[in-house]
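Below is one structure, written out as structure tokens; comments come after it.
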Amino acid sequence: MPTIHWVNVFKPFDAGTLYEATLSFDKAIDMETLVKMGFKGGFTMGLGNLDELLAK
């Protein structure tokens with residue numbers, strides 16, 4: 001499996017909390033492999049769950 005390097009930052013924001021995620025990969029092919037495996041859809045769904053959690 002390719003390795004993903006994550007930096008997650010949560011910041012107070014007027015309307016709640018701002019979440020910034022920075023993802024980096026050792027090689028472009030690593031990112032392409034994960035995208036082909038459905039990472040983009042799964043990550044997007046996870047962010048939707050995070051929106052619900054932070055709204056509470």
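Letters A, B, ... mark the chains of the structure tokens in the order given; residue numbers begin at 1 per chain; ligand numbers begin at 1, in order shown.
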
Worksheet entry | Test item: residues at most 8 Å from Phe10 in chain A, only C-alpha atoms, excluding those fewer than 4 positions along its chain, as a PyMOL selection string | chain A and resi 17-20

Worksheet entry | CA of Val7 in chain A to CA of Leu23 in chain A, straight-line distance in Å |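 Here the two named atoms are 6.6 Å from each other.
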
Discussion item. If we count only C-alpha atoms and set the cut-off at 12 Å, which residues sit around range 44-51 of chain A, ignoring sequence neighbours fewer than 2 positions away in its own chain? Please answer as a list in words.
Written reply: Phe10, Gly16, Thr17, Leu18, Tyr19, Glu20, Ala21, Val35, Gly38, Phe39, Lys40, Gly41, Gly42, Leu53, Leu54, Ala55 and Lys56 of chain A

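The two atoms in question, CA of Leu34 in chain A and CA of Met1 in chain A, are spaced 8.4 Å apart.
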
Discussion item. Just list as a list in words whatever in range 12-48 of chain A DSSP marks as helix (DSSP H, G or I).
Written reply: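 Here is the list: Ala28, Ile29, Asp30, Met31, Glu32, Thr33, Leu34, Val35, Lys36, Phe39, Lys40, Gly41, Gly42, Phe43, Thr44, Met45, Gly46, Leu47 and Gly48 of chain A.
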
If you count only C-alpha atoms, which residues fall within 8 Å of range 30-32 of chain A, apart from same-chain ones fewer than 4 positions away, as a short mmCIF file (atom, residue, chain, number, x, y, z; two decimals) with C-alpha atoms, in the first residue's frame?
data_model
loop_
_atom_site.label_atom_id
_atom_site.label_comp_id
_atom_site.auth_asym_id
_atom_site.auth_seq_id
_atom_site.Cartn_x
_atom_site.Cartn_y
_atom_site.Cartn_z
CA PRO A 2 1.23 3.51 -0.77
CA THR A 3 2.07 5.78 2.14
CA PHE A 25 2.84 11.22 -1.31
CA ASP A 26 6.36 9.98 -1.95
CA LYS A 36 -7.99 4.10 -8.49
#
